[in-house]
Amino acid sequence: MNPFQTLRFAFGGLAANKVRSALTMLGVLIGVAAVILLLAVGNGSSQAVKDSIEKLGTNALTVSSGSGFGGSRSGAGSAGSTKPLTVEDARALADPSAAPHVASVAPEVTTSQTALYEGSSHTVGQVVGTYPAYFKASNSKVAKGDYFSGDDVLASRKVAVIGSTTATDLFGTVDPVGKKVVLGGTPFTVVGVLATKGGTGFQDPDDVVVAPLPTVQNAFTGFGSVGQILVEAKSADATTAAQSEITSVLMARHGIKDPAALDFRVASQASLLTTQASTNKTFTVLLGAVAAISLLVGGIGITNIMLVTVTERTREIGIRKAIGAPRGVILGQFLAESTLLSLIGGGLGVAAGLIGSHFTIVGIKPVVIPESVVGAFAIAVVIGLFFGGYPANRAASLRPIEALRHE
């Protein structure tokens with residue numbers, strides 16, 4: 001029997017039990033689609049976080065209070081206590097003789113306040129008090145209006161640049177530039193609206209109000225320590241050198257002798273990307289492993305269905321063997337049927353996975369990994385051959401006389 005005749009008999013066998021064949025294909029379809037979609041969700045999540053980090057700028061460094069990696073919080077200075085970051089620390093980092101690889105420095109204080117405009121109320125996720133250098137270092141571009149200036153900082157003017165989410169929630173379709181909003185009881189004039197950044201997570205990066213540092217300190221936080229210092233290196237290649245200079249300057253200012261006892265942390269976007277990539281790789285592999293279980297279940301379904309098929313067609317097998325059909329023909333026919341089940345089911349699963357990837361899932365836009373499509377389909381075919389092997393071998397091993405007596 002040639003391969004075309006084998007395929008014709010296989011299609012006939014599947015067509016004879018349409019519902020059973022369709023249910024078996026459905027199991028394979030779900031398995032393949034699950035592998036493609038879950039890996040796409042993991043990859044999409046990784047890409048979204050990566051994009052969010054890169055939007056801050058590849059040459060940005062963040063200095064925050066607390067023990068350094070591997071350090072102790074109690075080893076700073078002779079007093080053995082942690083010193084908070086201050087505006088004076090930021091000024092020291094801006095000294096080109098002490099930190100030649102640093103381009104700009106922006107100390108930050110952060111709070112949350114309720115904003116009011118003509119009866120509209122909105123709780124702003126982040127109210128940031130900082131310097132104009134913040135906008136370039138954080139890759140924050142203005143879509144309308146302009147940034148506030150250094151003179152605004154020196155004069156403690158009540159001006160603000162707002163994010164796109166804040167602008168939409170407070171002003172709707174009205175142009176916010178030039179309008180006054182009351183922020184935590186203090187009136188601010190909006191001088192600019194930031195371009196939309198977008199992103200995922202609990203904190204919306206576009207729900208923000210940025211104002212001069214002394215203005216925010218005077219109105220909300222007080223003139224104490226700053227929450228963090230955003231530093232821009234002169235280039236992406238200079239971030240390592242800038243990080244070393246920041247560490248040296250702050251160790252000297254905080255009276256720290258032991259590098260293992262830092263009371264501050266310096267994080268670069270490169271280190272965040274590396275950590276994120278490692279975490280998401282583990283997450284994606286875990287999702288793939290969970291999805292692979294669906295393929296295994298589909299394979300078990302193929303075995304069960306083919307065993308039932310062999311039992312039902314025992315007399316047919318006996319007749320074919322009695323008139324001279326060799327073992328290889330019987331084996332090939334049932335292997336062809338199980339492989340067709342996985343081929344058709346796998347093909348439909350690929351289509352379902354690719355269609356599903358066009359929709360947002362749990363807030364994440366899936367990004368299909370081409371290798372997962374090829375891999376899932378190939379595994380589905382292998383599963384058809386592997387799990388169909390036992391029933392096919394059982395059918396081929398039947399003795400003609402016993403098969404003909406089967407009722």
# chains A, B, ... in the order shown; residues from 1 in each chain; ligands from 1
call {"tool": "select_by_dssp", "arguments": {"residues": "segment 248-400 of chain A", "states": "alpha helix (DSSP H)", "output": "ChimeraX atom specification"}}
result
/A:248-254,269-312,314-322,327-356,370-396,400
call {"tool": "select_by_dssp", "arguments": {"residues": "segment 119-264 of chain A", "states": "strand (DSSP E)", "output": "VMD selection string"}}
result
chain A and resid 120 to 130 142 to 145 159 to 162 180 to 183 186 to 194 208 to 212 228 to 233 264
call {"tool": "residues_around", "arguments": {"residues": "Lys144 of chain A", "least_positions_apart": "3", "cutoff": "10 Å", "atoms": "only C-alpha atoms", "output": "VMD selection string"}}
result
chain A and resid 141 147 161 to 162 164 175 to 177 191 to 195
call {"tool": "residues_around", "arguments": {"residues": "segment 201-215 of chain A", "least_positions_apart": "2", "cutoff": "7 Å", "atoms": "only C-alpha atoms", "output": "list of chain:residue names"}}
result
A:Val124, A:Gly125, A:Gln126, A:Val127, A:Val128, A:Gly129, A:Thr130, A:Tyr131, A:Asp152, A:Val153, A:Ser156, A:Arg157, A:Lys158, A:Val159, A:Ala160, A:Val161, A:Ile162, A:Gly163, A:Ser164, A:Thr165, A:Thr166, A:Thr196, A:Lys197, A:Gly198, A:Gly199, A:Gln217, A:Asn218, A:Ala219
call {"tool": "residues_around", "arguments": {"residues": "segment 241-253 of chain A", "least_positions_apart": "5", "cutoff": "8 Å", "atoms": "only C-alpha atoms", "output": "list of chain:residue names"}}
result
A:Leu61, A:Asp89, A:Ala92, A:Leu93, A:Ala98, A:Ala99, A:Pro100, A:His101, A:Val102, A:Ala233, A:Pro259, A:Leu262, A:Val266, A:Ser268
call {"tool": "atom_distance", "arguments": {"atom1": "atom CA of Ala236 of chain A", "atom2": "atom CA of Thr110 of chain A"}}
result
26.4 Å
call {"tool": "closest_residue", "arguments": {"among": "A:Val32, A:Leu230, A:Asn43, A:Gly145", "to": "Glu108 of chain A", "atoms": "only C-alpha atoms"}}
result
A:Leu230
call {"tool": "closest_residue", "arguments": {"among": "A:Tyr117, A:Phe334, A:Phe283, A:Phe387", "to": "Asp169 of chain A", "atoms": "only C-alpha atoms"}}
result
A:Tyr117
call {"tool": "atom_distance", "arguments": {"atom1": "atom CA of Val290 of chain A", "atom2": "atom CA of Val35 of chain A"}}
result
8.2 Å
call {"tool": "closest_residue", "arguments": {"among": "A:Leu331, A:Val216, A:Ala137, A:Ala22", "to": "Ile317 of chain A", "atoms": "only C-alpha atoms"}}
result
A:Leu331
call {"tool": "atom_distance", "arguments": {"atom1": "atom CA of Asp237 of chain A", "atom2": "atom CA of Thr62 of chain A"}}
result
16.2 Å
call {"tool": "closest_residue", "arguments": {"among": "A:Thr186, A:Asn139, A:Ser342, A:Thr311", "to": "Leu295 of chain A", "atoms": "only C-alpha atoms"}}
result
A:Ser342
call {"tool": "residues_around", "arguments": {"residues": "Pro84 of chain A", "least_positions_apart": "4", "cutoff": "10 Å", "atoms": "only C-alpha atoms", "output": "count of residues only"}}
result
12
